[in-house]
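Containing mmCIF, C-alpha atoms (C1' of nucleotides): model-v2.cif.
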```cif
data_model
#
loop_
_atom_site.label_atom_id
_atom_site.label_comp_id
_atom_site.auth_asym_id
_atom_site.auth_seq_id
_atom_site.Cartn_x
_atom_site.Cartn_y
_atom_site.Cartn_z
CA MET A 1 22.98 16.69 -7.78
CA ASN A 2 21.44 19.09 -10.24
CA LYS A 3 17.67 18.99 -10.82
CA LEU A 4 16.72 18.76 -14.49
CA ASP A 5 14.96 21.87 -15.80
CA ARG A 6 11.97 22.32 -18.11
CA ASN A 7 14.20 22.78 -21.12
CA PHE A 8 15.62 19.27 -20.68
CA TYR A 9 12.18 17.66 -20.93
CA GLU A 10 11.18 19.79 -23.89
CA GLY A 11 13.75 18.11 -26.14
CA LYS A 12 12.91 15.52 -28.78
CA THR A 13 11.58 12.38 -27.14
CA GLU A 14 14.17 9.89 -28.40
CA ALA A 15 16.97 12.22 -27.29
CA VAL A 16 15.38 12.83 -23.89
CA ALA A 17 14.91 9.08 -23.41
CA GLN A 18 18.60 8.39 -23.94
CA ALA A 19 19.64 11.39 -21.88
CA LEU A 20 17.57 10.12 -18.94
CA LEU A 21 19.80 7.04 -18.65
CA GLY A 22 22.16 7.55 -15.72
CA MET A 23 19.97 10.27 -14.16
CA TYR A 24 18.64 9.96 -10.61
CA LEU A 25 14.92 9.66 -9.93
CA VAL A 26 14.15 11.14 -6.49
CA HIS A 27 10.96 10.87 -4.45
CA HIS A 28 10.79 12.11 -0.87
CA VAL A 29 8.56 9.80 1.16
CA ASP A 30 8.07 10.59 4.87
CA ALA A 31 10.97 13.06 4.57
CA ARG A 32 13.30 10.32 3.38
CA PRO A 33 14.59 10.54 -0.18
CA ARG A 34 14.16 7.38 -2.24
CA ILE A 35 16.70 7.53 -5.04
CA GLY A 36 17.26 5.28 -8.04
CA ARG A 37 19.53 5.56 -11.07
CA ILE A 38 17.57 5.22 -14.33
CA VAL A 39 19.02 2.36 -16.38
CA GLU A 40 16.20 1.46 -18.81
CA VAL A 41 13.57 3.55 -20.65
CA GLU A 42 11.23 3.45 -23.64
CA ALA A 43 10.21 6.33 -25.93
CA TYR A 44 6.57 6.78 -27.00
CA LEU A 45 6.32 9.09 -29.97
CA GLY A 46 2.81 10.52 -29.90
CA PRO A 47 -0.63 9.94 -31.49
CA GLN A 48 0.77 8.32 -34.63
CA ASP A 49 2.69 5.77 -32.52
CA LEU A 50 0.25 2.85 -32.23
CA ALA A 51 1.97 1.59 -29.08
CA ALA A 52 1.40 4.90 -27.26
CA HIS A 53 -1.65 5.56 -25.11
CA SER A 54 -1.85 8.94 -26.84
CA SER A 55 -2.75 7.14 -30.09
CA LYS A 56 -6.31 7.16 -28.67
CA GLY A 57 -6.24 10.95 -28.71
CA VAL A 58 -6.94 13.21 -25.74
CA THR A 59 -9.03 11.32 -23.17
CA ALA A 60 -9.42 11.54 -19.40
CA ARG A 61 -6.55 9.08 -19.10
CA THR A 62 -4.16 10.58 -21.67
CA ARG A 63 -4.81 14.22 -20.74
CA VAL A 64 -1.46 14.50 -18.95
CA MET A 65 0.45 13.17 -21.97
CA PHE A 66 -0.83 16.12 -23.98
CA GLY A 67 0.14 18.61 -21.30
CA PRO A 68 3.43 20.42 -20.66
CA ALA A 69 6.77 18.59 -20.61
CA GLY A 70 8.35 17.61 -17.32
CA HIS A 71 5.20 16.23 -15.71
CA ALA A 72 4.65 12.61 -14.62
CA TYR A 73 2.12 10.45 -16.46
CA VAL A 74 1.30 7.55 -14.12
CA TYR A 75 -1.26 4.92 -15.11
CA GLN A 76 -2.56 1.67 -13.68
CA ILE A 77 -2.05 -1.53 -15.64
CA TYR A 78 -3.65 -4.97 -15.33
CA GLY A 79 -5.66 -3.69 -12.42
CA LEU A 80 -2.83 -3.94 -9.91
CA HIS A 81 0.37 -2.27 -11.10
CA TYR A 82 1.47 1.28 -11.91
CA CYS A 83 3.85 2.59 -14.58
CA MET A 84 5.49 6.02 -14.71
CA ASN A 85 6.27 8.14 -17.74
CA VAL A 86 7.89 11.53 -18.15
CA VAL A 87 6.06 13.86 -20.56
CA THR A 88 8.36 15.30 -23.24
CA GLU A 89 8.35 18.03 -25.91
CA GLY A 90 5.07 19.76 -24.96
CA ALA A 91 1.39 19.16 -25.74
CA THR A 92 2.45 16.53 -28.28
CA GLY A 93 1.34 13.30 -26.59
CA THR A 94 4.96 12.13 -26.34
CA ALA A 95 6.52 10.56 -23.25
CA VAL A 96 9.28 8.33 -21.91
CA LEU A 97 8.40 5.24 -19.85
CA LEU A 98 10.79 4.57 -16.95
CA ARG A 99 11.41 0.80 -16.93
CA ALA A 100 14.19 0.08 -14.45
CA LEU A 101 16.34 1.62 -11.73
CA GLU A 102 19.57 0.76 -9.99
CA PRO A 103 18.93 1.34 -6.26
CA VAL A 104 20.94 4.25 -4.83
CA GLU A 105 19.25 5.18 -1.54
CA ASN A 106 16.31 3.91 0.54
CA LEU A 107 15.16 1.47 -2.14
CA PRO A 108 14.46 -2.29 -2.05
CA GLU A 109 16.49 -4.49 -4.40
CA ARG A 110 13.68 -5.28 -6.79
CA THR A 111 13.43 -2.32 -9.16
CA GLN A 112 13.75 -4.06 -12.53
CA GLY A 113 10.57 -3.47 -14.53
CA PRO A 114 8.17 -0.52 -14.73
CA ALA A 115 5.74 -1.78 -12.08
CA LEU A 116 8.46 -2.79 -9.61
CA LEU A 117 10.05 0.62 -10.16
CA CYS A 118 6.83 2.36 -9.11
CA LYS A 119 6.34 0.07 -6.13
CA ALA A 120 9.91 0.68 -4.93
CA MET A 121 9.63 4.46 -5.35
CA GLN A 122 6.10 4.52 -3.87
CA ILE A 123 4.61 6.00 -7.04
CA ASP A 124 0.91 5.53 -7.76
CA ARG A 125 -2.06 7.47 -9.13
CA ARG A 126 -1.41 10.30 -6.69
CA GLN A 127 1.69 11.23 -8.66
CA ASN A 128 -0.18 11.40 -11.97
CA GLY A 129 0.18 14.90 -13.40
CA MET A 130 2.79 16.01 -10.87
CA ASP A 131 5.38 18.50 -12.03
CA LEU A 132 8.88 17.01 -11.85
CA LEU A 133 10.27 20.42 -10.98
CA SER A 134 8.75 20.04 -7.50
CA GLU A 135 10.71 19.81 -4.26
CA THR A 136 9.78 16.23 -3.40
CA PHE A 137 9.55 14.47 -6.76
CA TYR A 138 12.09 15.15 -9.50
CA ILE A 139 14.94 13.84 -11.64
CA ALA A 140 18.50 15.09 -11.17
CA ARG A 141 21.86 14.81 -12.85
CA PRO A 142 24.34 13.18 -10.44
CA ASP A 143 27.58 14.99 -9.66
CA GLU A 144 29.51 12.19 -11.27
CA SER A 145 28.27 9.43 -13.55
CA PRO A 146 30.27 6.46 -14.84
CA SER A 147 30.46 6.24 -18.62
CA PHE A 148 28.31 3.58 -20.24
CA THR A 149 27.15 2.29 -23.61
CA ILE A 150 23.49 2.59 -24.65
CA VAL A 151 21.76 -0.45 -26.19
CA ARG A 152 18.74 0.03 -28.52
CA ARG A 153 16.05 -2.65 -28.77
CA PRO A 154 12.34 -2.97 -29.69
CA ARG A 155 9.94 -2.00 -26.91
CA ILE A 156 8.50 -4.64 -24.59
CA GLY A 157 4.88 -5.82 -24.65
CA VAL A 158 3.65 -3.83 -27.65
CA ASP A 159 3.24 -6.59 -30.23
CA TYR A 160 -0.24 -5.25 -31.05
CA ALA A 161 1.29 -2.07 -32.51
CA GLY A 162 2.13 -3.41 -35.97
CA GLN A 163 5.25 -1.86 -37.52
CA TRP A 164 5.63 0.38 -34.49
CA ALA A 165 6.45 -2.69 -32.43
CA ARG A 166 9.64 -3.13 -34.46
CA ARG A 167 10.99 0.36 -33.83
CA LEU A 168 14.11 0.49 -31.67
CA LEU A 169 12.69 2.72 -28.96
CA ARG A 170 13.81 0.87 -25.85
CA PHE A 171 17.14 2.06 -24.46
CA TYR A 172 19.18 0.65 -21.63
CA VAL A 173 22.62 0.73 -20.03
CA ARG A 174 24.67 -2.13 -21.44
CA GLY A 175 25.54 -4.78 -18.90
CA ASN A 176 23.58 -3.27 -16.02
CA PRO A 177 22.12 -6.06 -13.85
CA PHE A 178 18.96 -4.08 -13.07
CA VAL A 179 17.76 -3.95 -16.67
CA SER A 180 14.53 -5.99 -17.02
CA ARG A 181 14.39 -9.22 -19.05
CA ALA A 182 18.14 -9.48 -19.60
"C1'" DC B 1 -24.58 0.00 -20.08
"C1'" DT B 2 -21.59 -4.06 -21.27
"C1'" DC B 3 -17.37 -5.94 -22.69
"C1'" DG B 4 -12.57 -6.93 -24.40
"C1'" DG B 5 -8.03 -6.32 -23.28
"C1'" DG B 6 -3.86 -4.16 -21.40
"C1'" DA B 7 3.55 -0.21 -21.91
"C1'" DT B 8 3.28 -6.47 -15.68
"C1'" DG B 9 5.03 -9.73 -12.44
"C1'" DC B 10 4.83 -14.11 -10.28
"C1'" DG B 11 4.19 -18.82 -9.68
"C1'" DT B 12 3.71 -23.37 -12.15
"C1'" DC C 1 1.52 -20.62 -19.62
"C1'" DG C 2 -2.25 -18.92 -16.35
"C1'" DC C 3 -3.65 -15.69 -13.27
"C1'" DA C 4 -4.65 -11.50 -10.36
"C1'" DT C 5 -7.78 -7.38 -10.67
"C1'" DC C 6 -9.47 -2.76 -12.38
"C1'" DC C 7 -10.38 0.70 -15.44
"C1'" DC C 8 -10.13 2.51 -19.96
"C1'" DG C 9 -12.21 3.21 -24.37
"C1'" DA C 10 -15.28 1.46 -27.91
"C1'" DG C 11 -19.71 0.29 -29.25
"C1'" DG C 12 -24.84 -0.53 -28.59
#
```
Written as structure tokens, that's how I'd like the structure from this file.
Amino acid sequence: MNKLDRNFYEGKTEAVAQALLGMYLVHHVDARPRIGRIVEVEAYLGPQDLAAHSSKGVTARTRVMFGPAGHAYVYQIYGLHYCMNVVTEGATGTAVLLRALEPVENLPERTQGPALLCKAMQIDRRQNGMDLLSETFYIARPDESPSFTIVRRPRIGVDYAGQWARRLLRFYVRGNPFVSRA
DNA sequence: CTCGGGATGCGT
DNA sequence: CGCATCCCGAGG
């Protein structure tokens, strides 16, 4: 496994989103690595993207989105769930939401959906703002990855975002059983 | 300060 | 389709 470097995250958001498919998300909890293969993501393109939290500008909540690439933006939703994003580009308010994992090591079976992903990986507000170049929380390229086809679809749950809701910014691995809402 | 609603998941 | 459950961001 090869940990992704800063340069990877600084790429254009749509490209980074697609490149994250097949990568391994790793979180060491109690000295045991929880590992999942990323199989579904969504790109959020910055302040002009009405579906993105950064469309509200820089606030206490979106501060991390406007920070350096390669950090985790974790937020609470509906009062009880968490969702994790990877900040991209750099100080641009852009990010990629991680929506589903295929369990690889030390994970429960239910990892399909952004909140289940966080629950399985034990990710919550404590990980907000963490640098993904750390020793215990990072994303890595596996030594070998099976080839796959990427499917593009509209993002989930952003109907309020007008024309932005129609953009094909959700990407997933075709045929993978862990993709949410098949 | 109040208040409306949300990048979800689960049960009915 | 309703609900849990909390905090963000807007407005007074």
*asked:* List the spatial neighbours of Cys118 of chain A as an MDAnalysis selection string - criterion: any atom at most 9 Å away, all atoms listed in the file, same-chain residues fewer than 4 positions off excluded.
replied: chainID A and resid 81:84 111 113:114 122:124
*asked:* Under the PyMOL selection byres ((chain A) within 9 of (chain C)), which residues of this model are included? Write them out as a ChimeraX atom specification.
replied: /A:56,59,61,76-80
Expected file: the selected residues, C-alpha atoms, as an mmCIF file, in the frame of the given file:
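What follows is the written file selection_16.cif:
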```cif
data_model
loop_
_atom_site.group_PDB
_atom_site.id
_atom_site.type_symbol
_atom_site.label_atom_id
_atom_site.label_comp_id
_atom_site.auth_asym_id
_atom_site.auth_seq_id
_atom_site.Cartn_x
_atom_site.Cartn_y
_atom_site.Cartn_z
ATOM 1 C CA LYS A 56 -6.310 7.160 -28.670
ATOM 2 C CA THR A 59 -9.030 11.320 -23.170
ATOM 3 C CA ARG A 61 -6.550 9.080 -19.100
ATOM 4 C CA GLN A 76 -2.560 1.670 -13.680
ATOM 5 C CA ILE A 77 -2.050 -1.530 -15.640
ATOM 6 C CA TYR A 78 -3.650 -4.970 -15.330
ATOM 7 C CA GLY A 79 -5.660 -3.690 -12.420
ATOM 8 C CA LEU A 80 -2.830 -3.940 -9.910
#
```
_Please report the interatomic distance between atom C1' of DG11 of chain B and atom CA of Arg99 of chain A in Å with one decimal._
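About the pair atom C1' of DG11 of chain B and atom CA of Arg99 of chain A: they are 22.1 Å apart.
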*In Å, rounded to a single decimal, give me how far atom CA of His71 of chain A is from atom CA of Gln127 of chain A.*
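According to the coordinates, atom CA of Gln127 of chain A and atom CA of His71 of chain A are separated by 9.3 Å.
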_Would you mind listing, as a PyMOL selection string, all residues of chain B that have at least one atom within 10 Å of chain A, where all atoms listed in the file are what counts?_
chain B and resi 5-9
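Within 8 Å of the point (22.1, 7.7, -19.1), counting all atoms listed in the file, the protein and nucleic acid residues come to Gln18, Ala19, Leu20, Leu21, Gly22, Met23, Ile38, Val39, Phe148, Ile150 and Val173 of chain A.
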Rebuild N, CA, C and O atoms on segment 114-125 of chain A, as a CSV table (one decimal), keeping the file's coordinate frame?
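The resulting file, out13.csv, is shown below:
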```csv
chain,number,residue,atom,x,y,z
A,114,PRO,N,8.9,-1.8,-15.0
A,114,PRO,CA,8.2,-0.5,-14.7
A,114,PRO,C,7.3,-0.6,-13.5
A,114,PRO,O,7.1,0.5,-12.8
A,115,ALA,N,6.6,-1.7,-13.2
A,115,ALA,CA,5.7,-1.8,-12.1
A,115,ALA,C,6.5,-1.9,-10.8
A,115,ALA,O,6.2,-1.3,-9.8
A,116,LEU,N,7.6,-2.7,-10.8
A,116,LEU,CA,8.5,-2.8,-9.6
A,116,LEU,C,9.1,-1.4,-9.3
A,116,LEU,O,9.3,-1.1,-8.1
A,117,LEU,N,9.5,-0.7,-10.3
A,117,LEU,CA,10.0,0.6,-10.2
A,117,LEU,C,9.1,1.5,-9.4
A,117,LEU,O,9.5,2.2,-8.4
A,118,CYS,N,7.8,1.5,-9.8
A,118,CYS,CA,6.8,2.4,-9.1
A,118,CYS,C,6.6,1.9,-7.7
A,118,CYS,O,6.5,2.7,-6.8
A,119,LYS,N,6.5,0.6,-7.5
A,119,LYS,CA,6.3,0.1,-6.1
A,119,LYS,C,7.5,0.5,-5.2
A,119,LYS,O,7.3,0.9,-4.1
A,120,ALA,N,8.7,0.3,-5.7
A,120,ALA,CA,9.9,0.7,-4.9
A,120,ALA,C,10.0,2.2,-4.6
A,120,ALA,O,10.4,2.6,-3.5
A,121,MET,N,9.6,3.0,-5.5
A,121,MET,CA,9.6,4.5,-5.4
A,121,MET,C,8.4,5.0,-4.7
A,121,MET,O,8.3,6.2,-4.5
A,122,GLN,N,7.4,4.1,-4.4
A,122,GLN,CA,6.1,4.5,-3.9
A,122,GLN,C,5.4,5.6,-4.8
A,122,GLN,O,5.1,6.7,-4.4
A,123,ILE,N,5.3,5.2,-6.0
A,123,ILE,CA,4.6,6.0,-7.0
A,123,ILE,C,3.3,5.3,-7.4
A,123,ILE,O,3.3,4.1,-7.8
A,124,ASP,N,2.2,6.1,-7.3
A,124,ASP,CA,0.9,5.5,-7.8
A,124,ASP,C,0.1,6.7,-8.4
A,124,ASP,O,0.6,7.7,-8.7
A,125,ARG,N,-1.2,6.5,-8.4
A,125,ARG,CA,-2.1,7.5,-9.1
A,125,ARG,C,-2.0,8.9,-8.5
A,125,ARG,O,-2.3,9.9,-9.2
```
